[in-house]
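So the structure is just underneath, and the comments pick up after that.
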Amino acid sequence: MIKSIDFLVETVNKCGGVLGKPITYLKEDDRTDPPAGAEAMTKLVKVDNVGAVVGSFASSVSTAALAIAVPNKVVMISPGSTSPVFTERAKKGEFNSYWYRTAPPDTYQALALANLAYKKGARKVATLVINNDYGVGFEKAFVEAFEKLGGTIVNKSKPTRYDPKATTFEAEAKGAFGSKPDAVAAILYPDSGGAVIKAAFEQGLTKDVKILLTDGVKTEDFPKLIGNTPEGKLILAGAIGTVPGADGKSLAEFTKTYKEKTGQDLGAFVPHSYDAAALVAIAAEAAKDGTGDGIKSKIREVANAPGKEVTDVCEAIKLVKAGTDIDYQGASGNVDLDEYGDVKGSYDVWEVQPDGKITVIDRVSP
């Protein structure tokens with residue numbers, strides 16, 4: 001994700017930058033830890049005087065950082081914080097239009113995962129979630145969607161929510177897998193989530209249970225982290241999941257140039273990261289102002305119709321500089337931002353192969 005933002009900044013700076021000078025680009029590590037994220041945001045706001053921040057990835061960190069960004073009039077645009085909580089809070093007017101995201105909220109992904117579970121024949125599903133904004137927000141939306149389809153949530157009265165800082169997960173593994181569900185909808189982060197699934201396997205609870213995963217663990221390191229069966233097969237082989245997909249007009253071109261630039265294939269949220277940074281740059285140029293208020297005043301205008309559709313960021317900057325209305329079409333999608341800072345998007349269905357590779361096997365819409 002960071003490499004794609006590096007790529008965006010380099011591209012824009014090569015074509016003249018924003019407001020006639022190179023973008024000043026600073027990086028802070030939030031360590032997927034809310035207090036560390038708040039500390040990083042405080043530095044960016046108070047010491048570096050930034051106008052906008054691309055991030056955070058984790059919803060819990062974005063929540064902590066927003067408490068500092070909003071009162072200080074700094075725009076935050078996340079490429080990966082997908083908790084539905086942000087939509088609810090934006091509806092109450094808490095963010096004063098300083099919050100946006102290029103990845104769709106989990107209300108849509110939960111619906112996509114519920115549809116996928118039902119389509120795969122699961123009728124009794126247990127939920128297993130990380131106890132934070134991401135996990136609990138996703139769980140609420142998934143339960144509602146799956147029950148609407150006619151399915152049953154077997155641990156609804158006593159949901160299994162795990163503390164990522166815990167050292168043992170036997171009880172949580174039993175709570176989710178012990179009730180003999182057809183499938184477990186596991187909304188996890190890699191390190192701690194891997195330990196829960198491993199604990200379930202070690203207790204003999206994963207046999208014949210379909211494991212449903214989400215964007216939080218779509219990485220080829222995750223199956224390796226959980227490990228192999230005594231027969232040498234990956235415990236997680238055959239698990240399926242959803243992830244916000246990318247279907248933007250410039251995706252093919254972006255995929256090609258990103259690979260040439262970095263030597264890497266596109267991972268989850270990479271196009272979303274590029275687009276988040278692109279919108280900040282274009283909005284600042286359109287506003288002729290790099291402050292949070294300037295960026296906020298133009299970000300939806302450059303992202304949404306009406307306007308000339310444009311996929312190239314340098315072209316977009318040139319057009320807004322000349323006073324032309326544009327509708328930026330991103331690599332991740334059309335990045336149309338609604339009044340709560342949300343985009344809609346579509347979802348890729350991915351599967352863990354026996355060799356640990358992750359392949360996209362389908363696409364689902366909410």
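Chain lettering (A, B, ...) mirrors the order of the structure tokens, residue numbering begins at 1 for each chain separately, and ligand numbering begins at 1 in order of display.
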Could I get the residues of range 184-273 of chain A with an atom no further than 10 Å from an atom of range 330-344 of chain A, each paired with its nearest atom pair and that distance in Å to one decimal, using only C-alpha atoms, sorted by chain and residue number, as a tab-separated table?
residue	atom	partner	partner_atom	distance
A:Pro244	CA	A:Ser332	CA	8.9
A:Gly245	CA	A:Ser332	CA	7.2
A:Ala246	CA	A:Ser332	CA	4.2
A:Asp247	CA	A:Gly333	CA	5.1
A:Gly248	CA	A:Gly333	CA	3.6
A:Lys249	CA	A:Ala331	CA	6.2
A:Ser250	CA	A:Ala331	CA	4.8
A:Leu251	CA	A:Ala331	CA	4.3
A:Ala252	CA	A:Ala331	CA	8.0
A:Glu253	CA	A:Ala331	CA	8.4
A:Phe254	CA	A:Ala331	CA	6.4
A:Thr255	CA	A:Ala331	CA	8.5
A:Phe269	CA	A:Ser332	CA	8.1
A:Val270	CA	A:Ser332	CA	8.3
A:Pro271	CA	A:Ser332	CA	4.9
A:His272	CA	A:Ser332	CA	5.2
A:Ser273	CA	A:Ser332	CA	8.7
Item checked: Contacts of Val18 in chain A at 8 Å (only C-alpha atoms; same-chain gap of 6+ positions) as an MDAnalysis selection string -> chainID A and resid 12 281:282 284:285 317
Please identify all polymer residues within 7 Å of range 98-107 of chain A, counting only C-alpha atoms, omitting same-chain residues fewer than 4 positions from it, and present them as a PDB file with all heavy atoms, in the first residue's frame.
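Result written to result_34.pdb:
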ATOM      1  N   VAL A  70      -9.744  15.838  13.177  1.00  0.00           N
ATOM      2  CA  VAL A  70     -10.953  16.651  12.959  1.00  0.00           C
ATOM      3  C   VAL A  70     -10.893  18.015  13.665  1.00  0.00           C
ATOM      4  O   VAL A  70     -11.074  19.053  13.021  1.00  0.00           O
ATOM      5  CB  VAL A  70     -12.238  15.856  13.304  1.00  0.00           C
ATOM      6  CG1 VAL A  70     -13.470  16.746  13.239  1.00  0.00           C
ATOM      7  CG2 VAL A  70     -12.393  14.669  12.356  1.00  0.00           C
ATOM      8  N   LYS A  73      -8.684  20.354  11.863  1.00  0.00           N
ATOM      9  CA  LYS A  73      -9.042  20.624  10.469  1.00  0.00           C
ATOM     10  C   LYS A  73      -8.067  20.000   9.472  1.00  0.00           C
ATOM     11  O   LYS A  73      -7.599  20.652   8.528  1.00  0.00           O
ATOM     12  CB  LYS A  73      -9.156  22.141  10.239  1.00  0.00           C
ATOM     13  CG  LYS A  73     -10.214  22.784  11.129  1.00  0.00           C
ATOM     14  CD  LYS A  73     -10.348  24.269  10.870  1.00  0.00           C
ATOM     15  CE  LYS A  73     -11.494  24.822  11.704  1.00  0.00           C
ATOM     16  NZ  LYS A  73     -11.671  26.265  11.518  1.00  0.00           N
ATOM     17  N   VAL A  74      -7.750  18.736   9.714  1.00  0.00           N
ATOM     18  CA  VAL A  74      -6.890  17.972   8.798  1.00  0.00           C
ATOM     19  C   VAL A  74      -7.743  16.878   8.149  1.00  0.00           C
ATOM     20  O   VAL A  74      -8.462  16.153   8.847  1.00  0.00           O
ATOM     21  CB  VAL A  74      -5.687  17.360   9.553  1.00  0.00           C
ATOM     22  CG1 VAL A  74      -4.944  16.359   8.681  1.00  0.00           C
ATOM     23  CG2 VAL A  74      -4.730  18.466  10.011  1.00  0.00           C
ATOM     24  N   VAL A  75      -7.673  16.754   6.831  1.00  0.00           N
ATOM     25  CA  VAL A  75      -8.426  15.720   6.112  1.00  0.00           C
ATOM     26  C   VAL A  75      -7.753  14.371   6.310  1.00  0.00           C
ATOM     27  O   VAL A  75      -6.532  14.254   6.212  1.00  0.00           O
ATOM     28  CB  VAL A  75      -8.510  16.055   4.608  1.00  0.00           C
ATOM     29  CG1 VAL A  75      -8.966  14.843   3.794  1.00  0.00           C
ATOM     30  CG2 VAL A  75      -9.451  17.229   4.370  1.00  0.00           C
ATOM     31  N   MET A  76      -8.565  13.345   6.599  1.00  0.00           N
ATOM     32  CA  MET A  76      -8.065  11.965   6.629  1.00  0.00           C
ATOM     33  C   MET A  76      -8.786  11.194   5.542  1.00  0.00           C
ATOM     34  O   MET A  76     -10.007  11.258   5.446  1.00  0.00           O
ATOM     35  CB  MET A  76      -8.369  11.309   7.975  1.00  0.00           C
ATOM     36  CG  MET A  76      -7.239  11.362   8.960  1.00  0.00           C
ATOM     37  SD  MET A  76      -7.676  10.519  10.495  1.00  0.00           S
ATOM     38  CE  MET A  76      -7.363   8.808  10.066  1.00  0.00           C
ATOM     39  N   ILE A  77      -8.027  10.475   4.728  1.00  0.00           N
ATOM     40  CA  ILE A  77      -8.639   9.620   3.703  1.00  0.00           C
ATOM     41  C   ILE A  77      -7.997   8.250   3.802  1.00  0.00           C
ATOM     42  O   ILE A  77      -6.804   8.093   3.600  1.00  0.00           O
ATOM     43  CB  ILE A  77      -8.554  10.249   2.289  1.00  0.00           C
ATOM     44  CG1 ILE A  77      -9.185   9.317   1.243  1.00  0.00           C
ATOM     45  CG2 ILE A  77      -7.143  10.668   1.911  1.00  0.00           C
ATOM     46  CD1 ILE A  77      -9.552   9.994  -0.058  1.00  0.00           C
ATOM     47  N   SER A  78      -8.800   7.262   4.172  1.00  0.00           N
ATOM     48  CA  SER A  78      -8.262   5.922   4.407  1.00  0.00           C
ATOM     49  C   SER A  78      -8.471   5.018   3.195  1.00  0.00           C
ATOM     50  O   SER A  78      -9.552   4.984   2.627  1.00  0.00           O
ATOM     51  CB  SER A  78      -8.938   5.276   5.619  1.00  0.00           C
ATOM     52  OG  SER A  78      -8.554   3.910   5.690  1.00  0.00           O
ATOM     53  N   PRO A  79      -7.431   4.256   2.831  1.00  0.00           N
ATOM     54  CA  PRO A  79      -7.600   3.279   1.761  1.00  0.00           C
ATOM     55  C   PRO A  79      -8.072   1.924   2.278  1.00  0.00           C
ATOM     56  O   PRO A  79      -8.276   1.008   1.508  1.00  0.00           O
ATOM     57  CB  PRO A  79      -6.194   3.148   1.173  1.00  0.00           C
ATOM     58  CG  PRO A  79      -5.260   3.655   2.216  1.00  0.00           C
ATOM     59  CD  PRO A  79      -6.026   4.366   3.268  1.00  0.00           C
ATOM     60  N   GLY A  80      -8.242   1.776   3.611  1.00  0.00           N
ATOM     61  CA  GLY A  80      -8.556   0.435   4.120  1.00  0.00           C
ATOM     62  C   GLY A  80      -9.366   0.352   5.392  1.00  0.00           C
ATOM     63  O   GLY A  80      -9.701  -0.740   5.825  1.00  0.00           O
ATOM     64  N   THR A  82     -12.485  -0.001   7.040  1.00  0.00           N
ATOM     65  CA  THR A  82     -13.785  -0.352   6.449  1.00  0.00           C
ATOM     66  C   THR A  82     -14.925  -0.482   7.461  1.00  0.00           C
ATOM     67  O   THR A  82     -16.023  -0.879   7.109  1.00  0.00           O
ATOM     68  CB  THR A  82     -13.647  -1.679   5.665  1.00  0.00           C
ATOM     69  OG1 THR A  82     -13.046  -2.654   6.528  1.00  0.00           O
ATOM     70  CG2 THR A  82     -12.780  -1.510   4.427  1.00  0.00           C
ATOM     71  N   SER A  83     -14.676  -0.137   8.729  1.00  0.00           N
ATOM     72  CA  SER A  83     -15.724  -0.290   9.746  1.00  0.00           C
ATOM     73  C   SER A  83     -16.959   0.556   9.421  1.00  0.00           C
ATOM     74  O   SER A  83     -16.835   1.726   9.054  1.00  0.00           O
ATOM     75  CB  SER A  83     -15.189   0.127  11.120  1.00  0.00           C
ATOM     76  OG  SER A  83     -16.270   0.193  12.042  1.00  0.00           O
ATOM     77  N   PRO A  84     -18.169  -0.024   9.601  1.00  0.00           N
ATOM     78  CA  PRO A  84     -19.405   0.751   9.389  1.00  0.00           C
ATOM     79  C   PRO A  84     -19.571   1.892  10.399  1.00  0.00           C
ATOM     80  O   PRO A  84     -20.370   2.799  10.189  1.00  0.00           O
ATOM     81  CB  PRO A  84     -20.512  -0.291   9.568  1.00  0.00           C
ATOM     82  CG  PRO A  84     -19.846  -1.615   9.447  1.00  0.00           C
ATOM     83  CD  PRO A  84     -18.441  -1.427   9.912  1.00  0.00           C
ATOM     84  N   LEU A 111     -22.469  -8.007   3.635  1.00  0.00           N
ATOM     85  CA  LEU A 111     -23.565  -8.495   2.799  1.00  0.00           C
ATOM     86  C   LEU A 111     -23.014  -9.439   1.722  1.00  0.00           C
ATOM     87  O   LEU A 111     -23.580 -10.500   1.456  1.00  0.00           O
ATOM     88  CB  LEU A 111     -24.242  -7.276   2.159  1.00  0.00           C
ATOM     89  CG  LEU A 111     -25.543  -7.465   1.402  1.00  0.00           C
ATOM     90  CD1 LEU A 111     -26.543  -8.267   2.202  1.00  0.00           C
ATOM     91  CD2 LEU A 111     -26.131  -6.108   1.032  1.00  0.00           C
ATOM     92  N   PHE A 138     -18.326  -5.334  11.583  1.00  0.00           N
ATOM     93  CA  PHE A 138     -18.529  -6.317  10.516  1.00  0.00           C
ATOM     94  C   PHE A 138     -19.507  -7.395  10.992  1.00  0.00           C
ATOM     95  O   PHE A 138     -20.432  -7.773  10.263  1.00  0.00           O
ATOM     96  CB  PHE A 138     -17.186  -6.945  10.134  1.00  0.00           C
ATOM     97  CG  PHE A 138     -17.182  -7.628   8.797  1.00  0.00           C
ATOM     98  CD1 PHE A 138     -16.359  -7.177   7.765  1.00  0.00           C
ATOM     99  CD2 PHE A 138     -17.979  -8.731   8.552  1.00  0.00           C
ATOM    100  CE1 PHE A 138     -16.340  -7.799   6.530  1.00  0.00           C
ATOM    101  CE2 PHE A 138     -17.972  -9.365   7.317  1.00  0.00           C
ATOM    102  CZ  PHE A 138     -17.148  -8.903   6.305  1.00  0.00           C
ATOM    103  N   ALA A 141     -23.199  -6.320  10.929  1.00  0.00           N
ATOM    104  CA  ALA A 141     -23.750  -6.258   9.570  1.00  0.00           C
ATOM    105  C   ALA A 141     -23.898  -7.656   8.967  1.00  0.00           C
ATOM    106  O   ALA A 141     -24.884  -7.949   8.274  1.00  0.00           O
ATOM    107  CB  ALA A 141     -22.854  -5.393   8.685  1.00  0.00           C
ATOM    108  N   PRO A 244     -12.431  -5.987  -0.804  1.00  0.00           N
ATOM    109  CA  PRO A 244     -12.841  -4.977  -1.776  1.00  0.00           C
ATOM    110  C   PRO A 244     -12.028  -5.127  -3.055  1.00  0.00           C
ATOM    111  O   PRO A 244     -10.794  -5.175  -3.019  1.00  0.00           O
ATOM    112  CB  PRO A 244     -12.515  -3.649  -1.066  1.00  0.00           C
ATOM    113  CG  PRO A 244     -12.652  -3.975   0.383  1.00  0.00           C
ATOM    114  CD  PRO A 244     -12.126  -5.380   0.513  1.00  0.00           C
ATOM    115  N   HIS A 272      -6.492   1.313  -4.036  1.00  0.00           N
ATOM    116  CA  HIS A 272      -7.248   2.215  -3.150  1.00  0.00           C
ATOM    117  C   HIS A 272      -6.312   3.242  -2.501  1.00  0.00           C
ATOM    118  O   HIS A 272      -6.687   4.395  -2.273  1.00  0.00           O
ATOM    119  CB  HIS A 272      -7.981   1.410  -2.069  1.00  0.00           C
ATOM    120  CG  HIS A 272      -8.880   0.337  -2.617  1.00  0.00           C
ATOM    121  ND1 HIS A 272      -8.394  -0.873  -3.076  1.00  0.00           N
ATOM    122  CD2 HIS A 272     -10.218   0.291  -2.805  1.00  0.00           C
ATOM    123  CE1 HIS A 272      -9.402  -1.612  -3.513  1.00  0.00           C
ATOM    124  NE2 HIS A 272     -10.519  -0.922  -3.363  1.00  0.00           N
ATOM    125  N   ALA A 276      -6.468   7.265  -3.032  1.00  0.00           N
ATOM    126  CA  ALA A 276      -6.635   8.149  -1.865  1.00  0.00           C
ATOM    127  C   ALA A 276      -5.648   9.312  -1.954  1.00  0.00           C
ATOM    128  O   ALA A 276      -6.016  10.480  -1.789  1.00  0.00           O
ATOM    129  CB  ALA A 276      -6.420   7.361  -0.576  1.00  0.00           C
ATOM    130  N   LYS A 296     -10.700  19.706   1.700  1.00  0.00           N
ATOM    131  CA  LYS A 296     -12.085  19.310   2.010  1.00  0.00           C
ATOM    132  C   LYS A 296     -13.080  20.002   1.075  1.00  0.00           C
ATOM    133  O   LYS A 296     -14.077  19.410   0.660  1.00  0.00           O
ATOM    134  CB  LYS A 296     -12.365  19.674   3.470  1.00  0.00           C
ATOM    135  CG  LYS A 296     -13.805  19.608   3.893  1.00  0.00           C
ATOM    136  CD  LYS A 296     -13.959  19.981   5.358  1.00  0.00           C
ATOM    137  CE  LYS A 296     -14.879  21.158   5.537  1.00  0.00           C
ATOM    138  NZ  LYS A 296     -15.394  21.314   6.890  1.00  0.00           N
ATOM    139  N   VAL A 335     -14.448   5.933  -7.546  1.00  0.00           N
ATOM    140  CA  VAL A 335     -14.214   6.730  -6.325  1.00  0.00           C
ATOM    141  C   VAL A 335     -15.233   7.855  -6.129  1.00  0.00           C
ATOM    142  O   VAL A 335     -14.895   8.940  -5.671  1.00  0.00           O
ATOM    143  CB  VAL A 335     -12.755   7.259  -6.199  1.00  0.00           C
ATOM    144  CG1 VAL A 335     -11.782   6.126  -6.009  1.00  0.00           C
ATOM    145  CG2 VAL A 335     -12.303   8.117  -7.378  1.00  0.00           C
ATOM    146  N   GLY A 341     -18.529  10.396   3.049  1.00  0.00           N
ATOM    147  CA  GLY A 341     -17.136  10.047   2.729  1.00  0.00           C
ATOM    148  C   GLY A 341     -16.959   8.628   2.225  1.00  0.00           C
ATOM    149  O   GLY A 341     -15.837   8.155   2.091  1.00  0.00           O
ATOM    150  N   ASP A 342     -18.057   7.927   1.928  1.00  0.00           N
ATOM    151  CA  ASP A 342     -18.001   6.517   1.524  1.00  0.00           C
ATOM    152  C   ASP A 342     -18.039   6.333   0.008  1.00  0.00           C
ATOM    153  O   ASP A 342     -18.637   7.130  -0.710  1.00  0.00           O
ATOM    154  CB  ASP A 342     -19.188   5.742   2.116  1.00  0.00           C
ATOM    155  CG  ASP A 342     -19.067   5.511   3.608  1.00  0.00           C
ATOM    156  OD1 ASP A 342     -17.947   5.607   4.132  1.00  0.00           O
ATOM    157  OD2 ASP A 342     -20.098   5.228   4.249  1.00  0.00           O
ATOM    158  N   VAL A 343     -17.433   5.212  -0.431  1.00  0.00           N
ATOM    159  CA  VAL A 343     -17.603   4.734  -1.811  1.00  0.00           C
ATOM    160  C   VAL A 343     -18.335   3.391  -1.743  1.00  0.00           C
ATOM    161  O   VAL A 343     -18.396   2.768  -0.686  1.00  0.00           O
ATOM    162  CB  VAL A 343     -16.242   4.538  -2.535  1.00  0.00           C
ATOM    163  CG1 VAL A 343     -15.548   5.864  -2.769  1.00  0.00           C
ATOM    164  CG2 VAL A 343     -15.328   3.580  -1.782  1.00  0.00           C
ATOM    165  N   LYS A 344     -18.864   2.934  -2.904  1.00  0.00           N
ATOM    166  CA  LYS A 344     -19.579   1.642  -2.890  1.00  0.00           C
ATOM    167  C   LYS A 344     -18.665   0.467  -3.179  1.00  0.00           C
ATOM    168  O   LYS A 344     -18.325  -0.302  -2.321  1.00  0.00           O
ATOM    169  CB  LYS A 344     -20.754   1.673  -3.866  1.00  0.00           C
ATOM    170  CG  LYS A 344     -22.045   2.143  -3.207  1.00  0.00           C
ATOM    171  CD  LYS A 344     -23.266   1.415  -3.770  1.00  0.00           C
ATOM    172  CE  LYS A 344     -24.512   1.661  -2.945  1.00  0.00           C
ATOM    173  NZ  LYS A 344     -25.107   2.981  -3.114  1.00  0.00           N
ATOM    174  N   GLY A 345     -18.241   0.306  -4.424  1.00  0.00           N
ATOM    175  CA  GLY A 345     -17.275  -0.756  -4.731  1.00  0.00           C
ATOM    176  C   GLY A 345     -17.879  -2.139  -4.932  1.00  0.00           C
ATOM    177  O   GLY A 345     -19.042  -2.386  -4.661  1.00  0.00           O
TER     178      GLY A 345
END
Margin query: Under the rule that only C-alpha atoms are counted, which of A:Lys210, A:Lys165, A:Lys256, A:Lys198 is the nearest residue to Asp33 in chain A?
Written below: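 Between A:Lys210, A:Lys165, A:Lys256, A:Lys198, the residue approaching Asp33 in chain A most closely is A:Lys165.
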Note to self: Give me the residues near range 349-359 of chain A as a ChimeraX atom specification, where near means some atom within 8 Å (using only C-alpha atoms) and where sequence neighbours in that chain fewer than 3 positions away do not count.
What the structure shows: /A:218-220,223-224,233-234,236-243,362-364
Output file for the selection above: C-alpha atoms, as a PDB file, in the first residue's frame:
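Output file part.pdb is given in full below:
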ATOM      1  CA  LYS A 218      -5.800 -11.545   2.553  1.00  0.00           C
ATOM      2  CA  THR A 219      -2.087 -12.190   2.508  1.00  0.00           C
ATOM      3  CA  GLU A 220      -0.086 -15.271   1.539  1.00  0.00           C
ATOM      4  CA  PRO A 223      -1.931 -19.512   5.743  1.00  0.00           C
ATOM      5  CA  LYS A 224       1.787 -20.083   6.476  1.00  0.00           C
ATOM      6  CA  LYS A 233      -1.305 -30.008   4.180  1.00  0.00           C
ATOM      7  CA  LEU A 234      -2.075 -26.378   4.907  1.00  0.00           C
ATOM      8  CA  LEU A 236      -6.232 -23.133   5.821  1.00  0.00           C
ATOM      9  CA  ALA A 237      -6.332 -24.712   2.316  1.00  0.00           C
ATOM     10  CA  GLY A 238      -9.787 -24.246   0.792  1.00  0.00           C
ATOM     11  CA  ALA A 239     -10.729 -21.295   2.991  1.00  0.00           C
ATOM     12  CA  ILE A 240     -12.497 -18.553   1.045  1.00  0.00           C
ATOM     13  CA  GLY A 241     -12.905 -14.866   1.672  1.00  0.00           C
ATOM     14  CA  THR A 242     -13.967 -11.486   0.352  1.00  0.00           C
ATOM     15  CA  VAL A 243     -11.940  -8.329  -0.238  1.00  0.00           C
ATOM     16  CA  ASP A 362     -15.201 -14.852  -8.365  1.00  0.00           C
ATOM     17  CA  ARG A 363     -16.631 -11.387  -7.892  1.00  0.00           C
ATOM     18  CA  VAL A 364     -19.682 -10.582  -5.789  1.00  0.00           C
TER      19      VAL A 364
END
Check: Just asking: which residues within range 252-363 of chain A are alpha helix (DSSP H) according to DSSP, as a PyMOL selection string?
Finding: chain A and resi 252-262+270-287+292-303+313-321
Check: Quick one: residues within 7 Å of Gly194 in chain A, only C-alpha atoms counted, chain neighbours fewer than 4 positions away excluded, as a list of chain:residue names?
Finding: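 Listed by chain and then number, they are A:Pro190, A:Lys198, A:Phe222, A:Leu225, A:Ile226.
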Output of the above residues as a compact mmCIF listing (two decimals), in the first residue's frame, restricted to C-alpha atoms:
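Below you can see out33.txt, which holds the result:
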# COMPACT_ATOMS: atom_id res chain seq x y z
CA PRO A 190 -3.31 -11.95 10.92
CA LYS A 198 -4.68 -22.81 14.97
CA PHE A 222 -1.49 -15.84 6.76
CA LEU A 225 1.37 -18.49 9.90
CA ILE A 226 -1.34 -21.03 10.81
Checklist line | Selection: 7 Å around range 19-24 of chain A, only C-alpha atoms, excl. self and same-chain fewer than 3 positions, as a PyMOL selection string | finding: chain A and resi 9+13+16+285+288
File dump, residues just selected, N, CA and C atoms, as a short mmCIF file (atom, residue, chain, number, x, y, z; two decimals), in the first residue's frame:
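Here's the written file part25.cif:
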data_model
loop_
_atom_site.label_atom_id
_atom_site.label_comp_id
_atom_site.auth_asym_id
_atom_site.auth_seq_id
_atom_site.Cartn_x
_atom_site.Cartn_y
_atom_site.Cartn_z
N VAL A 9 3.17 9.91 -5.46
CA VAL A 9 3.90 11.14 -5.13
C VAL A 9 5.00 11.39 -6.17
N ASN A 13 5.09 14.57 -8.62
CA ASN A 13 6.25 15.47 -8.51
C ASN A 13 7.00 15.59 -9.85
N GLY A 16 5.37 18.18 -12.17
CA GLY A 16 5.26 19.57 -11.70
C GLY A 16 4.71 19.75 -10.30
N GLU A 285 -4.92 21.06 -5.58
CA GLU A 285 -4.70 21.89 -6.77
C GLU A 285 -5.99 22.62 -7.16
N LYS A 288 -6.59 25.44 -4.96
CA LYS A 288 -5.44 26.36 -4.89
C LYS A 288 -5.02 26.59 -3.45
#
Next item on the list: Point out the residue among A:Ile68, A:Tyr189, A:Ala126, A:Gly294 with the least atom-to-atom distance to Lys158 in chain A, counting only C-alpha atoms.
Entry: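 Ranking A:Ile68, A:Tyr189, A:Ala126, A:Gly294 by distance to Lys158 in chain A, first place goes to A:Ala126.
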